[in-house]
Each structure stands twice: as structure tokens, then as C-alpha cells.
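Student: Input file: start_35.json. Contents: JSON, C-alpha atoms.
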```
[["chain", "number", "residue", "atom", "x", "y", "z"],
["Z", 29, "MET", "CA", 98.18, -109.90, 103.54],
["Z", 30, "ASN", "CA", 95.23, -109.97, 101.18],
["Z", 31, "ASP", "CA", 93.36, -106.74, 101.77],
["Z", 32, "VAL", "CA", 91.91, -105.68, 98.41],
["Z", 33, "TYR", "CA", 88.22, -105.95, 97.57],
["Z", 34, "VAL", "CA", 87.50, -106.17, 93.85],
["Z", 35, "VAL", "CA", 84.21, -105.06, 92.30],
["Z", 36, "THR", "CA", 83.31, -105.78, 88.69],
["Z", 37, "GLY", "CA", 80.87, -103.33, 87.18],
["Z", 38, "ALA", "CA", 79.77, -99.84, 88.20],
["Z", 39, "GLY", "CA", 76.02, -100.12, 87.90],
["Z", 40, "PRO", "CA", 73.88, -99.34, 90.95],
["Z", 41, "VAL", "CA", 74.94, -102.52, 92.78],
["Z", 42, "GLY", "CA", 78.66, -102.41, 92.01],
["Z", 43, "TRP", "CA", 78.90, -98.68, 92.67],
["Z", 44, "THR", "CA", 77.10, -99.00, 96.00],
["Z", 45, "VAL", "CA", 79.20, -101.98, 97.11],
["Z", 46, "ALA", "CA", 82.38, -100.04, 96.28],
["Z", 47, "GLU", "CA", 81.17, -96.97, 98.16],
["Z", 48, "GLN", "CA", 80.19, -98.94, 101.25],
["Z", 49, "LEU", "CA", 83.50, -100.81, 101.32],
["Z", 50, "ALA", "CA", 85.48, -97.58, 100.99],
["Z", 51, "GLU", "CA", 83.41, -95.94, 103.71],
["Z", 52, "ARG", "CA", 84.42, -98.86, 105.97],
["Z", 53, "GLY", "CA", 88.09, -98.15, 105.27],
["Z", 54, "LYS", "CA", 88.61, -101.01, 102.79],
["Z", 55, "LYS", "CA", 90.80, -100.78, 99.71],
["Z", 56, "VAL", "CA", 88.65, -101.23, 96.63],
["Z", 57, "ARG", "CA", 89.56, -101.99, 93.02],
["Z", 58, "ILE", "CA", 86.61, -101.47, 90.68],
["Z", 59, "LEU", "CA", 86.82, -102.89, 87.16],
["Z", 60, "THR", "CA", 84.89, -101.47, 84.23],
["Z", 61, "ARG", "CA", 85.54, -101.11, 80.52],
["Z", 62, "SER", "CA", 85.30, -97.32, 80.87],
["Z", 63, "GLY", "CA", 87.29, -96.85, 84.07],
["Z", 64, "ASN", "CA", 84.19, -95.50, 85.80],
["Z", 65, "GLY", "CA", 83.41, -95.72, 89.51],
["Z", 66, "PRO", "CA", 83.16, -93.77, 92.76],
["Z", 67, "GLU", "CA", 85.74, -91.08, 93.39],
["Z", 68, "HIS", "CA", 87.30, -91.97, 96.75],
["Z", 69, "PRO", "CA", 90.88, -92.16, 98.02],
["Z", 70, "LEU", "CA", 90.46, -95.88, 98.72],
["Z", 71, "VAL", "CA", 88.89, -96.71, 95.34],
["Z", 72, "GLU", "CA", 91.18, -97.65, 92.47],
["Z", 73, "ARG", "CA", 89.34, -97.45, 89.16],
["Z", 74, "VAL", "CA", 90.72, -99.87, 86.55],
["Z", 75, "LYS", "CA", 89.84, -100.28, 82.89],
["Z", 76, "ALA", "CA", 89.41, -104.01, 82.34],
["Z", 77, "ASP", "CA", 87.29, -106.49, 80.40],
["Z", 78, "VAL", "CA", 85.96, -109.40, 82.48],
["Z", 79, "GLN", "CA", 86.05, -111.54, 79.37],
["Z", 80, "ASP", "CA", 89.88, -111.25, 79.37],
["Z", 81, "ALA", "CA", 91.34, -113.91, 81.67],
["Z", 82, "ALA", "CA", 94.80, -112.31, 81.75],
["Z", 83, "GLN", "CA", 93.40, -108.95, 82.81],
["Z", 84, "LEU", "CA", 91.38, -110.64, 85.53],
["Z", 85, "ARG", "CA", 94.40, -112.45, 86.94],
["Z", 86, "ASP", "CA", 96.23, -109.14, 87.28],
["Z", 87, "ALA", "CA", 93.23, -107.29, 88.66],
["Z", 88, "PHE", "CA", 92.41, -110.00, 91.22],
["Z", 89, "SER", "CA", 95.93, -110.10, 92.64],
["Z", 90, "GLY", "CA", 95.77, -109.73, 96.41],
["Z", 91, "ALA", "CA", 91.97, -109.90, 96.50],
["Z", 92, "THR", "CA", 90.11, -111.03, 99.59],
["Z", 93, "ALA", "CA", 86.72, -110.99, 97.86],
["Z", 94, "VAL", "CA", 85.36, -110.31, 94.41],
["Z", 95, "PHE", "CA", 81.91, -108.77, 94.02],
["Z", 96, "HIS", "CA", 80.79, -109.68, 90.51],
["Z", 97, "CYS", "CA", 78.15, -107.10, 89.62],
["Z", 98, "ILE", "CA", 78.07, -106.92, 85.84],
["Z", 99, "HIS", "CA", 74.90, -107.52, 83.85],
["Z", 100, "GLY", "CA", 74.15, -108.30, 80.23],
["Z", 101, "SER", "CA", 74.60, -105.72, 77.48],
["Z", 102, "SER", "CA", 70.83, -105.88, 76.92],
["Z", 103, "TYR", "CA", 67.80, -107.26, 78.72],
["Z", 104, "THR", "CA", 67.42, -110.28, 76.45],
["Z", 105, "GLU", "CA", 67.85, -114.02, 76.76],
["Z", 106, "ASP", "CA", 70.26, -114.00, 73.83],
["Z", 107, "ALA", "CA", 72.58, -111.43, 75.41],
["Z", 108, "TRP", "CA", 72.47, -113.10, 78.81],
["Z", 109, "GLN", "CA", 73.20, -116.53, 77.35],
["Z", 110, "ALA", "CA", 76.05, -115.28, 75.20],
["Z", 111, "GLU", "CA", 77.74, -113.10, 77.83],
["Z", 112, "LEU", "CA", 76.99, -114.03, 81.43],
["Z", 113, "PRO", "CA", 78.03, -117.72, 81.74],
["Z", 114, "VAL", "CA", 81.39, -117.13, 80.03],
["Z", 115, "ALA", "CA", 82.16, -114.07, 82.16],
["Z", 116, "GLU", "CA", 81.22, -115.86, 85.39],
["Z", 117, "GLN", "CA", 83.45, -118.83, 84.60],
["Z", 118, "LYS", "CA", 86.42, -116.56, 83.93],
["Z", 119, "VAL", "CA", 85.77, -114.60, 87.13],
["Z", 120, "LEU", "CA", 85.42, -117.82, 89.15],
["Z", 121, "ALA", "CA", 88.68, -119.20, 87.75],
["Z", 122, "ALA", "CA", 90.64, -116.01, 88.38],
["Z", 123, "ALA", "CA", 89.19, -115.54, 91.87],
["Z", 124, "GLY", "CA", 89.93, -119.15, 92.74],
["Z", 125, "GLY", "CA", 93.53, -118.64, 91.69],
["Z", 126, "ALA", "CA", 93.72, -115.61, 93.96],
["Z", 127, "GLY", "CA", 92.07, -117.41, 96.88],
["Z", 128, "ALA", "CA", 89.13, -114.99, 96.89],
["Z", 129, "VAL", "CA", 85.46, -115.67, 97.48],
["Z", 130, "VAL", "CA", 83.10, -114.44, 94.75],
["Z", 131, "VAL", "CA", 79.88, -112.70, 95.80],
["Z", 132, "PHE", "CA", 77.05, -112.38, 93.29],
["Z", 133, "PRO", "CA", 73.90, -110.28, 93.38],
["Z", 134, "GLU", "CA", 71.08, -112.55, 92.22],
["Z", 135, "SER", "CA", 67.45, -112.21, 91.19],
["Z", 136, "LEU", "CA", 64.28, -114.16, 91.94],
["Z", 137, "TYR", "CA", 63.97, -115.32, 88.31],
["Z", 138, "SER", "CA", 65.15, -118.88, 89.01],
["Z", 139, "TYR", "CA", 62.53, -119.55, 91.71],
["Z", 140, "SER", "CA", 60.20, -122.20, 90.33],
["Z", 141, "GLU", "CA", 57.34, -121.79, 92.82],
["Z", 142, "PRO", "CA", 56.80, -118.01, 92.83],
["Z", 143, "GLY", "CA", 53.16, -118.35, 93.78],
["Z", 144, "ARG", "CA", 54.08, -118.77, 97.45],
["Z", 145, "PRO", "CA", 56.48, -116.72, 99.59],
["Z", 146, "MET", "CA", 59.98, -117.47, 98.32],
["Z", 147, "THR", "CA", 62.57, -118.49, 100.91],
["Z", 148, "GLU", "CA", 66.22, -119.47, 100.79],
["Z", 149, "ALA", "CA", 65.15, -123.13, 100.98],
["Z", 150, "GLY", "CA", 62.71, -122.85, 98.07],
["Z", 151, "PRO", "CA", 63.27, -124.59, 94.73],
["Z", 152, "ARG", "CA", 65.28, -122.72, 92.09],
["Z", 153, "THR", "CA", 64.72, -124.84, 88.99],
["Z", 154, "ALA", "CA", 62.92, -122.49, 86.60],
["Z", 155, "HIS", "CA", 63.75, -123.15, 82.96],
["Z", 156, "GLY", "CA", 63.43, -121.38, 79.65],
["Z", 157, "GLY", "CA", 64.20, -117.79, 78.72],
["Z", 158, "LYS", "CA", 65.97, -115.47, 81.11],
["Z", 159, "ARG", "CA", 64.71, -117.53, 84.05],
["Z", 160, "GLY", "CA", 66.55, -120.57, 82.77],
["Z", 161, "VAL", "CA", 69.74, -118.57, 82.32],
["Z", 162, "ARG", "CA", 69.66, -117.57, 85.99],
["Z", 163, "THR", "CA", 69.06, -121.19, 87.07],
["Z", 164, "ALA", "CA", 72.04, -122.35, 85.02],
["Z", 165, "LEU", "CA", 74.27, -119.64, 86.51],
["Z", 166, "LEU", "CA", 73.38, -120.74, 90.04],
["Z", 167, "ASP", "CA", 74.06, -124.37, 89.14],
["Z", 168, "ALA", "CA", 77.46, -123.46, 87.70],
["Z", 169, "ARG", "CA", 78.42, -121.52, 90.83],
["Z", 170, "ASN", "CA", 77.42, -124.48, 92.96],
["Z", 171, "ALA", "CA", 79.64, -126.75, 90.86],
["Z", 172, "SER", "CA", 82.65, -124.43, 90.96],
["Z", 173, "PRO", "CA", 85.59, -125.23, 93.26],
["Z", 174, "THR", "CA", 85.82, -121.49, 94.01],
["Z", 175, "ASP", "CA", 83.94, -120.30, 97.10],
["Z", 176, "THR", "CA", 80.85, -118.28, 96.22],
["Z", 177, "VAL", "CA", 77.90, -116.51, 97.82],
["Z", 178, "SER", "CA", 74.73, -115.54, 95.92],
["Z", 179, "VAL", "CA", 72.59, -112.82, 97.50],
["Z", 180, "VAL", "CA", 69.08, -112.67, 96.07],
["Z", 181, "ALA", "CA", 67.14, -109.41, 95.79],
["Z", 182, "GLY", "CA", 63.71, -108.40, 94.60],
["Z", 183, "ASP", "CA", 63.24, -105.63, 92.05],
["Z", 184, "PHE", "CA", 65.63, -102.78, 92.81],
["Z", 185, "PHE", "CA", 64.94, -99.27, 93.97],
["Z", 186, "GLY", "CA", 67.17, -96.64, 95.50],
["Z", 187, "PRO", "CA", 69.90, -94.17, 94.51],
["Z", 188, "ARG", "CA", 71.46, -94.88, 91.09],
["Z", 189, "VAL", "CA", 68.71, -97.32, 90.12],
["Z", 190, "ARG", "CA", 67.48, -96.29, 86.69],
["Z", 191, "THR", "CA", 66.53, -99.30, 84.54],
["Z", 192, "SER", "CA", 64.07, -100.88, 86.95],
["Z", 193, "HIS", "CA", 60.32, -101.03, 87.44],
["Z", 194, "ALA", "CA", 60.86, -98.65, 90.39],
["Z", 195, "GLY", "CA", 63.49, -96.58, 88.59],
["Z", 196, "GLU", "CA", 63.28, -94.02, 85.82],
["Z", 197, "ARG", "CA", 59.86, -95.23, 84.66],
["Z", 198, "MET", "CA", 58.37, -94.49, 88.07],
["Z", 199, "VAL", "CA", 60.19, -92.11, 90.41],
["Z", 200, "PRO", "CA", 60.76, -88.98, 88.28],
["Z", 201, "ALA", "CA", 57.34, -89.40, 86.68],
["Z", 202, "VAL", "CA", 55.34, -89.57, 89.91],
["Z", 203, "LEU", "CA", 57.34, -86.69, 91.37],
["Z", 204, "ALA", "CA", 56.36, -84.65, 88.31],
["Z", 205, "GLY", "CA", 52.70, -85.55, 88.74],
["Z", 206, "LYS", "CA", 52.60, -87.65, 85.56],
["Z", 207, "LYS", "CA", 50.61, -90.82, 85.06],
["Z", 208, "VAL", "CA", 52.70, -93.99, 85.22],
["Z", 209, "TRP", "CA", 51.87, -97.19, 83.39],
["Z", 210, "VAL", "CA", 53.11, -100.23, 85.32],
["Z", 211, "ILE", "CA", 53.36, -103.84, 84.23],
["Z", 212, "GLY", "CA", 50.55, -106.08, 85.46],
["Z", 213, "SER", "CA", 48.51, -104.96, 88.43],
["Z", 214, "ALA", "CA", 49.31, -101.82, 90.39],
["Z", 215, "ASP", "CA", 47.70, -103.46, 93.43],
["Z", 216, "GLN", "CA", 49.35, -106.86, 93.87],
["Z", 217, "PRO", "CA", 51.98, -107.27, 96.63],
["Z", 218, "HIS", "CA", 55.53, -107.40, 95.29],
["Z", 219, "SER", "CA", 58.95, -107.50, 96.95],
["Z", 220, "PHE", "CA", 61.23, -104.55, 96.22],
["Z", 221, "THR", "CA", 64.79, -104.43, 97.58],
["Z", 222, "TYR", "CA", 66.60, -101.23, 98.47],
["Z", 223, "VAL", "CA", 69.99, -101.47, 96.75],
["Z", 224, "PRO", "CA", 72.07, -100.24, 99.74],
["Z", 225, "ASP", "CA", 70.54, -103.12, 101.75],
["Z", 226, "LEU", "CA", 71.65, -105.58, 99.06],
["Z", 227, "ALA", "CA", 75.17, -104.12, 99.05],
["Z", 228, "ALA", "CA", 75.44, -104.35, 102.84],
["Z", 229, "ALA", "CA", 74.31, -108.00, 102.75],
["Z", 230, "MET", "CA", 76.87, -108.87, 100.06],
["Z", 231, "ILE", "CA", 79.68, -107.29, 102.08],
["Z", 232, "GLN", "CA", 78.59, -109.01, 105.29],
["Z", 233, "ALA", "CA", 78.37, -112.39, 103.54],
["Z", 234, "ALA", "CA", 81.83, -111.95, 102.00],
["Z", 235, "GLY", "CA", 83.35, -111.50, 105.43],
["Z", 236, "THR", "CA", 81.58, -114.49, 107.01],
["Z", 237, "PRO", "CA", 83.02, -117.81, 105.73],
["Z", 238, "PRO", "CA", 80.31, -119.99, 107.38],
["Z", 239, "LEU", "CA", 77.83, -118.28, 105.02],
["Z", 240, "TRP", "CA", 79.74, -119.15, 101.86],
["Z", 241, "ASN", "CA", 78.59, -121.56, 99.16],
["Z", 242, "LYS", "CA", 74.95, -120.86, 99.89],
["Z", 243, "VAL", "CA", 72.14, -118.66, 98.61],
["Z", 244, "TRP", "CA", 70.95, -115.86, 100.88],
["Z", 245, "HIS", "CA", 68.29, -113.19, 100.60],
["Z", 246, "ALA", "CA", 69.06, -109.50, 100.85],
["Z", 247, "PRO", "CA", 67.20, -107.86, 103.75],
["Z", 248, "THR", "CA", 63.94, -106.83, 102.11],
["Z", 249, "GLY", "CA", 60.99, -105.07, 103.69],
["Z", 250, "PRO", "CA", 57.40, -106.33, 103.59],
["Z", 251, "ALA", "CA", 55.99, -106.68, 100.08],
["Z", 252, "VAL", "CA", 54.12, -103.63, 98.84],
["Z", 253, "THR", "CA", 52.06, -102.94, 95.75],
["Z", 254, "GLN", "CA", 53.46, -100.79, 92.98],
["Z", 255, "ARG", "CA", 50.89, -98.17, 94.00],
["Z", 256, "GLN", "CA", 52.10, -98.24, 97.62],
["Z", 257, "LEU", "CA", 55.72, -97.89, 96.54],
["Z", 258, "ALA", "CA", 54.89, -94.97, 94.27],
["Z", 259, "THR", "CA", 52.94, -93.40, 97.14],
["Z", 260, "ALA", "CA", 56.00, -93.73, 99.37],
["Z", 261, "PHE", "CA", 57.95, -91.72, 96.79],
["Z", 262, "THR", "CA", 55.29, -89.02, 96.57],
["Z", 263, "ASP", "CA", 55.02, -88.84, 100.36],
["Z", 264, "ALA", "CA", 58.80, -88.44, 100.58],
["Z", 265, "GLY", "CA", 58.70, -85.80, 97.86],
["Z", 266, "GLY", "CA", 55.78, -83.86, 99.33],
["Z", 267, "VAL", "CA", 53.74, -84.08, 96.12],
["Z", 268, "ALA", "CA", 50.25, -85.28, 95.23],
["Z", 269, "ALA", "CA", 49.25, -88.94, 95.29],
["Z", 270, "PRO", "CA", 50.51, -90.88, 92.28],
["Z", 271, "LYS", "CA", 48.48, -91.69, 89.19],
["Z", 272, "LEU", "CA", 49.09, -95.30, 88.18],
["Z", 273, "ALA", "CA", 47.51, -97.70, 85.73],
["Z", 274, "GLY", "CA", 48.42, -101.30, 84.99],
["Z", 275, "ILE", "CA", 49.21, -102.83, 81.60],
["Z", 276, "PRO", "CA", 47.59, -106.30, 81.61],
["Z", 277, "GLY", "CA", 49.53, -109.35, 80.51],
["Z", 278, "TRP", "CA", 47.46, -109.89, 77.36],
["Z", 279, "ALA", "CA", 48.33, -106.39, 76.19],
["Z", 280, "LEU", "CA", 52.05, -106.96, 76.75],
["Z", 281, "SER", "CA", 51.87, -110.24, 74.85],
["Z", 282, "ALA", "CA", 50.09, -108.54, 71.95],
["Z", 283, "LEU", "CA", 52.60, -105.70, 71.82],
["Z", 284, "GLY", "CA", 55.43, -108.22, 72.05],
["Z", 285, "VAL", "CA", 54.55, -109.47, 68.58],
["Z", 286, "PHE", "CA", 55.90, -106.17, 67.23],
["Z", 287, "SER", "CA", 58.60, -105.34, 69.79],
["Z", 288, "LYS", "CA", 61.40, -107.57, 71.07],
["Z", 289, "ASP", "CA", 61.91, -105.28, 74.08],
["Z", 290, "VAL", "CA", 58.26, -105.63, 75.09],
["Z", 291, "ARG", "CA", 58.44, -109.37, 74.47],
["Z", 292, "GLU", "CA", 61.35, -109.64, 76.91],
["Z", 293, "LEU", "CA", 59.31, -107.75, 79.54],
["Z", 294, "ALA", "CA", 56.24, -109.90, 78.89],
["Z", 295, "GLU", "CA", 58.21, -113.01, 79.84],
["Z", 296, "LEU", "CA", 58.25, -111.81, 83.46],
["Z", 297, "GLN", "CA", 54.68, -110.49, 83.63],
["Z", 298, "TYR", "CA", 53.78, -113.30, 86.07],
["Z", 299, "GLN", "CA", 55.73, -111.39, 88.72],
["Z", 300, "PHE", "CA", 53.25, -108.50, 88.63],
["Z", 301, "ALA", "CA", 49.97, -110.24, 87.88],
["Z", 302, "GLU", "CA", 49.84, -112.12, 91.20],
["Z", 303, "PRO", "CA", 51.54, -111.74, 94.61],
["Z", 304, "PHE", "CA", 55.31, -112.05, 94.18],
["Z", 305, "VAL", "CA", 56.82, -112.15, 97.64],
["Z", 306, "MET", "CA", 60.24, -113.03, 99.04],
["Z", 307, "ASP", "CA", 60.95, -113.73, 102.71],
["Z", 308, "SER", "CA", 64.35, -112.62, 104.04],
["Z", 309, "ALA", "CA", 63.85, -113.46, 107.73],
["Z", 310, "ALA", "CA", 66.37, -116.32, 107.79],
["Z", 311, "SER", "CA", 69.02, -114.28, 106.02],
["Z", 312, "GLN", "CA", 68.46, -111.27, 108.23],
["Z", 313, "ALA", "CA", 69.11, -113.46, 111.25],
["Z", 314, "ALA", "CA", 72.22, -115.04, 109.70],
["Z", 315, "LEU", "CA", 73.64, -111.73, 108.49],
["Z", 316, "GLY", "CA", 72.60, -109.65, 111.49],
["Z", 317, "LEU", "CA", 71.03, -107.05, 109.19],
["Z", 318, "ARG", "CA", 67.61, -105.48, 108.73],
["Z", 319, "PRO", "CA", 66.15, -103.62, 105.75],
["Z", 320, "MET", "CA", 65.94, -99.85, 105.73],
["Z", 321, "PRO", "CA", 62.34, -98.81, 106.60],
["Z", 322, "LEU", "CA", 60.47, -97.84, 103.45],
["Z", 323, "PRO", "CA", 59.89, -94.15, 104.35],
["Z", 324, "GLU", "CA", 63.64, -93.64, 104.87],
["Z", 325, "ALA", "CA", 64.59, -95.61, 101.76],
["Z", 326, "ALA", "CA", 62.04, -93.69, 99.68],
["Z", 327, "ALA", "CA", 63.35, -90.38, 101.01],
["Z", 328, "ALA", "CA", 66.94, -91.26, 100.02],
["Z", 329, "THR", "CA", 65.72, -92.37, 96.60],
["Z", 330, "VAL", "CA", 63.78, -89.16, 96.01],
["Z", 331, "ALA", "CA", 66.73, -87.06, 97.18],
["Z", 332, "TRP", "CA", 69.02, -88.79, 94.68],
["Z", 333, "TRP", "CA", 66.60, -88.32, 91.79],
["Z", 334, "ARG", "CA", 66.11, -84.65, 92.59],
["Z", 335, "ALA", "CA", 69.89, -84.17, 92.73],
["Z", 336, "GLN", "CA", 69.98, -85.36, 89.10],
["Z", 337, "GLY", "CA", 68.02, -82.27, 88.11]]
```
Could you show the structure in this file as C-alpha cells?

Tutor:
Amino acid sequence: MNDVYVVTGAGPVGWTVAEQLAERGKKVRILTRSGNGPEHPLVERVKADVQDAAQLRDAFSGATAVFHCIHGSSYTEDAWQAELPVAEQKVLAAAGGAGAVVVFPESLYSYSEPGRPMTEAGPRTAHGGKRGVRTALLDARNASPTDTVSVVAGDFFGPRVRTSHAGERMVPAVLAGKKVWVIGSADQPHSFTYVPDLAAAMIQAAGTPPLWNKVWHAPTGPAVTQRQLATAFTDAGGVAAPKLAGIPGWALSALGVFSKDVRELAELQYQFAEPFVMDSAASQAALGLRPMPLPEAAAATVAWWRAQG
């Protein structure tokens, strides 16, 4: 009987999915180039390259579901375009051969009407840059004969989340009483998703065939401003109110002339200049899940950061 759950990648999403599966008594096989992953009796850590079709066929043997959680080697359109579509096609082919559903974490980048609350039924036809890459990936999954589920999340926060707007640039800084410069406005509502809520939604969707071959939203709490999120971290940490200032879009664009990294960030500045809100009500009903309340999620996040020293 197929009873293995495969996870590709050991970033915050892949690691958390593997942990939650193991805690539920599931056998997990986590694939990374380094052999990294949670230490647990039910977790088998395997060195593998998702670009290698032969390795994938072996690694996916006996799989019930594959959670494809890798990301590009850098936060650039060029890296995403060169790496992600090829890897996804190889994963889809190998999973299809094994009879496994593939579950993807997904972003809000492809949503083409971000000025209004984004729902599962909203249009996802954004083009150009990293947004266009995400649209093309969703289209390719839809065209694949392999069963898939895409679970959309807002910007991440939570344990193990480092490279995020609410990660290492915010949490350790506000806990240390330092001023934090955020992209766009510190006072526009924005949807942030707690990574353990995303992982739980991906696992639930994998085990519910009627939910396959659709796009769902991870349970996500009410939109908050970057200032409110930072304040939740300081409240959880018992420290003084945060000091935040926003970097306006024109400044990012100007700096982007000299820095490719800043230019890549500037592409998404629209998400922080105006309200950027996702609605997960329909998915919460379909999945039977609710987001962790912000005070509890912030407390777990602060505890993890403090454990890092």
C-alpha cells in the first residue's frame, strides 16, 4: 500500500510539512541536495536533485503525495525562469508515474486584480517578471495529467522563516529595539500567512481528493499592517513598541538602478503601497481549518527566534 509522503526541499515550508506529517504518524521522505531535514524516526532524509528524473522516480516510489516545496536559487526572474518550470515538469512526471498527487505552496504574485480582496475565484493572469513566472507555473499544473493542488499563501511569518518581509529583517530587529525599514507603507493592510497554517492546509488538501486540481488559499488571519505585525512580535516578546519607517516606491526604483537585488524587490512594491488582502474564507470551509490567532502565532515566532540566540 502506498504510504510514503515525499517532500522536496527543507526550507520553512518543506520542513514544517515534514514535521507535521511525522507528528501525525506518517512516513516521510524529504529530498534535498544536502540531505537536510527534521530529525525524526519517521523522516527519511535523502540526498537528491529534483532536476534528475531518475532520482525522482526512485525517490517517489510508493508515494501517496508529493509536497513540492523548493524555490529558486535566487530571488530573480532569471533564476525562477531557468529553474522552476523544468523542476516542476520533472516532479509532475515522476509523481504521475507513481500515482501521487503533487501539492504546491503558491504565492499571490499571479493575481491580476490585487487592488481588491483576492479570492480563490479571482483572476490569476499577471504577466511579466516574477509574477508572469508564477502565472505560467499555475497554467502548466492545470495542463498536467498529474493530479495537483496549489495552496496560496500571503507573505510568510513563523518559525524557520528567515528570508521574508516578516522574517530576519523584522523580528530580531524589533525584539532588539532597532529601527526597521519596511518596503512601501508601514500602515497599509497586508495579508501575512503563518507557515504552520500553510503546511496544515497542504496536508489536508493532499488527503482530500475532491479538492484536487484546484487552487485553494491557506487559512490566513485578517490583514494587518506591517506596523501591527511588528507590534504583535514586540507584545509577544515583552519589549517596547517597534520603530518602523517605510521605504517609498520611488526610492526603491531609484536604488534599483544600482542594485539588481533592490530592483527585484521593487517589482513587488505594489503589494505594500496599497491594501493587499487575500480572503481565505472559502478554503477554510472546504478544508475545515482556521488560522492560528495572531497573538499565538507571534508568540511561537518570537520563541523560535529567541531560541536561535

Student: Which residue, Z:Lys54, Z:Lys118, Z:His155, Z:His245, has the smallest gap to Z:Thr174 when you use all atoms listed in the file?

Tutor: Z:Lys118

Student: Contacts between stretch 299-323 of chain Z and stretch 194-271 of chain Z, please, where a residue of stretch 194-271 of chain Z counts if it comes within 6 Å (with only C-alpha atoms); show its shortest atom pair and distance in Å to one decimal, rows by chain and ascending number, as a Markdown table.

Tutor:
```
| residue | atom | partner | partner_atom | distance |
| --- | --- | --- | --- | --- |
| Z:Gly212 | CA | Z:Phe300 | CA | 4.8 |
| Z:Ser213 | CA | Z:Ala301 | CA | 5.5 |
| Z:Gln216 | CA | Z:Pro303 | CA | 5.4 |
| Z:Pro217 | CA | Z:Pro303 | CA | 4.9 |
| Z:His218 | CA | Z:Phe304 | CA | 4.8 |
| Z:Ser219 | CA | Z:Val305 | CA | 5.2 |
| Z:Asp225 | CA | Z:Pro319 | CA | 6.0 |
| Z:Trp244 | CA | Z:Ser311 | CA | 5.7 |
| Z:His245 | CA | Z:Ser308 | CA | 5.3 |
| Z:Pro247 | CA | Z:Pro319 | CA | 4.8 |
| Z:Thr248 | CA | Z:Pro319 | CA | 5.3 |
| Z:Gly249 | CA | Z:Pro319 | CA | 5.7 |
```

Student: At what distance in Å, to one decimal, does atom CA of Z:Met198 lie from atom CA of Z:Gly274?

Tutor: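 Going from atom CA of Z:Gly274 over to atom CA of Z:Met198, I get 12.4 Å.
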
Student: Rank nothing, just name the residue among Z:Leu70, Z:Leu293, Z:Ala87, Z:Val114 nearest to Z:Arg52, using all atoms listed in the file.

Tutor: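 Smallest distance to Z:Arg52 is found for Z:Leu70.
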
Student: Find, counting only C-alpha atoms, the residue in Z:Asp263, Z:Glu148, Z:Glu295, Z:Asp77 that gets nearest to Z:Glu324.

Tutor: Z:Asp263

Student: Taking only C-alpha atoms into account, produce a table as a Markdown table in which each residue of stretch 161-269 of chain Z with an atom at most 12 Å from an atom of stretch 92-110 of chain Z appears once, together with its shortest atom pair and the distance in Å to one decimal, ordered by chain and rising number.

Tutor:
```
| residue | atom | partner | partner_atom | distance |
| --- | --- | --- | --- | --- |
| Z:Val161 | CA | Z:Gln109 | CA | 6.4 |
| Z:Arg162 | CA | Z:Trp108 | CA | 8.9 |
| Z:Thr163 | CA | Z:Gln109 | CA | 11.5 |
| Z:Ala164 | CA | Z:Gln109 | CA | 9.7 |
| Z:Leu165 | CA | Z:Gln109 | CA | 9.7 |
| Z:Thr174 | CA | Z:Val94 | CA | 11.2 |
| Z:Asp175 | CA | Z:Ala93 | CA | 9.7 |
| Z:Thr176 | CA | Z:Val94 | CA | 9.3 |
| Z:Val177 | CA | Z:Phe95 | CA | 9.5 |
| Z:Ser178 | CA | Z:His96 | CA | 10.0 |
| Z:Val179 | CA | Z:Phe95 | CA | 10.7 |
| Z:Thr191 | CA | Z:Tyr103 | CA | 9.9 |
| Z:Ser192 | CA | Z:Tyr103 | CA | 11.1 |
| Z:Leu226 | CA | Z:Cys97 | CA | 11.6 |
| Z:Ala227 | CA | Z:Phe95 | CA | 9.6 |
| Z:Ala228 | CA | Z:Phe95 | CA | 11.8 |
| Z:Ala229 | CA | Z:Phe95 | CA | 11.6 |
| Z:Met230 | CA | Z:Phe95 | CA | 7.9 |
| Z:Ile231 | CA | Z:Phe95 | CA | 8.5 |
| Z:Gln232 | CA | Z:Ala93 | CA | 11.2 |
| Z:Ala233 | CA | Z:Ala93 | CA | 10.2 |
| Z:Ala234 | CA | Z:Ala93 | CA | 6.5 |
| Z:Gly235 | CA | Z:Ala93 | CA | 8.3 |
| Z:Thr236 | CA | Z:Ala93 | CA | 11.1 |
| Z:Pro237 | CA | Z:Ala93 | CA | 11.1 |
| Z:Trp240 | CA | Z:Ala93 | CA | 11.5 |
```

Student: For a cut-off of 12 Å around (62.1, -92.5, 86.5), file coordinates, pick out all residues using all atoms listed in the file and list them as a PyMOL selection string.

Tutor: chain Z and resi 185-210+258+261+329-330+332-334+336-337

Student: Measuring atom to atom with all atoms listed in the file, identify which of Z:Ala121, Z:Ala282, Z:Pro238, Z:Thr60 is nearest to Z:Ala81.

Tutor: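 The shortest atom-to-atom distance to Z:Ala81 comes from Z:Ala121.
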
Student: Enter the distance from atom CA of Z:Gly182 to atom CA of Z:Ala154, in Å, rounded to one decimal.

Tutor: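 Atom-to-atom, atom CA of Z:Gly182 and atom CA of Z:Ala154 are spaced 16.2 Å apart.
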
Student: Could you tell me which of Z:Ala168, Z:Ala335, Z:Val243, Z:Ala82 comes closest to Z:Ala149 if we count only C-alpha atoms?

Tutor: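 Smallest separation from Z:Ala149 among the options: Z:Val243.
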
Student: Smallest atom-to-atom distance to Z:Lys242: which of Z:Val56, Z:Met146, Z:Val130, Z:Ala326, using only C-alpha atoms?

Tutor: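 The closest residue to Z:Lys242 is Z:Val130.
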
Student: Atom CA of Z:Ile58 to atom CA of Z:Phe220: how many Å, to one decimal?

Tutor: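 So the two atoms, atom CA of Z:Ile58 and atom CA of Z:Phe220, lie 26.2 Å apart.
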
Student: If we draw a sphere of 6 Å around (90.2, -97.3, 83.5), which residues have at least one atom in it when counting all atoms listed in the file? Please report them as a compact mmCIF listing (two decimals) with C-alpha atoms, in the frame of the given file.

Tutor:
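Saved result, part.txt, follows:
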```txt
# COMPACT_ATOMS: atom_id res chain seq x y z
CA SER Z 62 85.30 -97.32 80.87
CA GLY Z 63 87.29 -96.85 84.07
CA ARG Z 73 89.34 -97.45 89.16
CA VAL Z 74 90.72 -99.87 86.55
CA LYS Z 75 89.84 -100.28 82.89
```

Student: If we count all atoms listed in the file and set the cut-off at 7 Å, which residues sit around Z:Ala214, ignoring sequence neighbours fewer than 6 positions away in its own chain? Please answer as a count of residues only.

Tutor: 6

Student: Around all the atoms of stretch 225-243 of chain Z listed in the file, draw an axis-aligned box and extend it by 8 Å on each of the six sides; I want its centre and edge lengths in Å to one decimal, as AutoDock Vina command-line options.

Tutor:
```
--center_x 76.9 --center_y -112.3 --center_z 103.0 --size_x 28.8 --size_y 34.4 --size_z 24.8
```
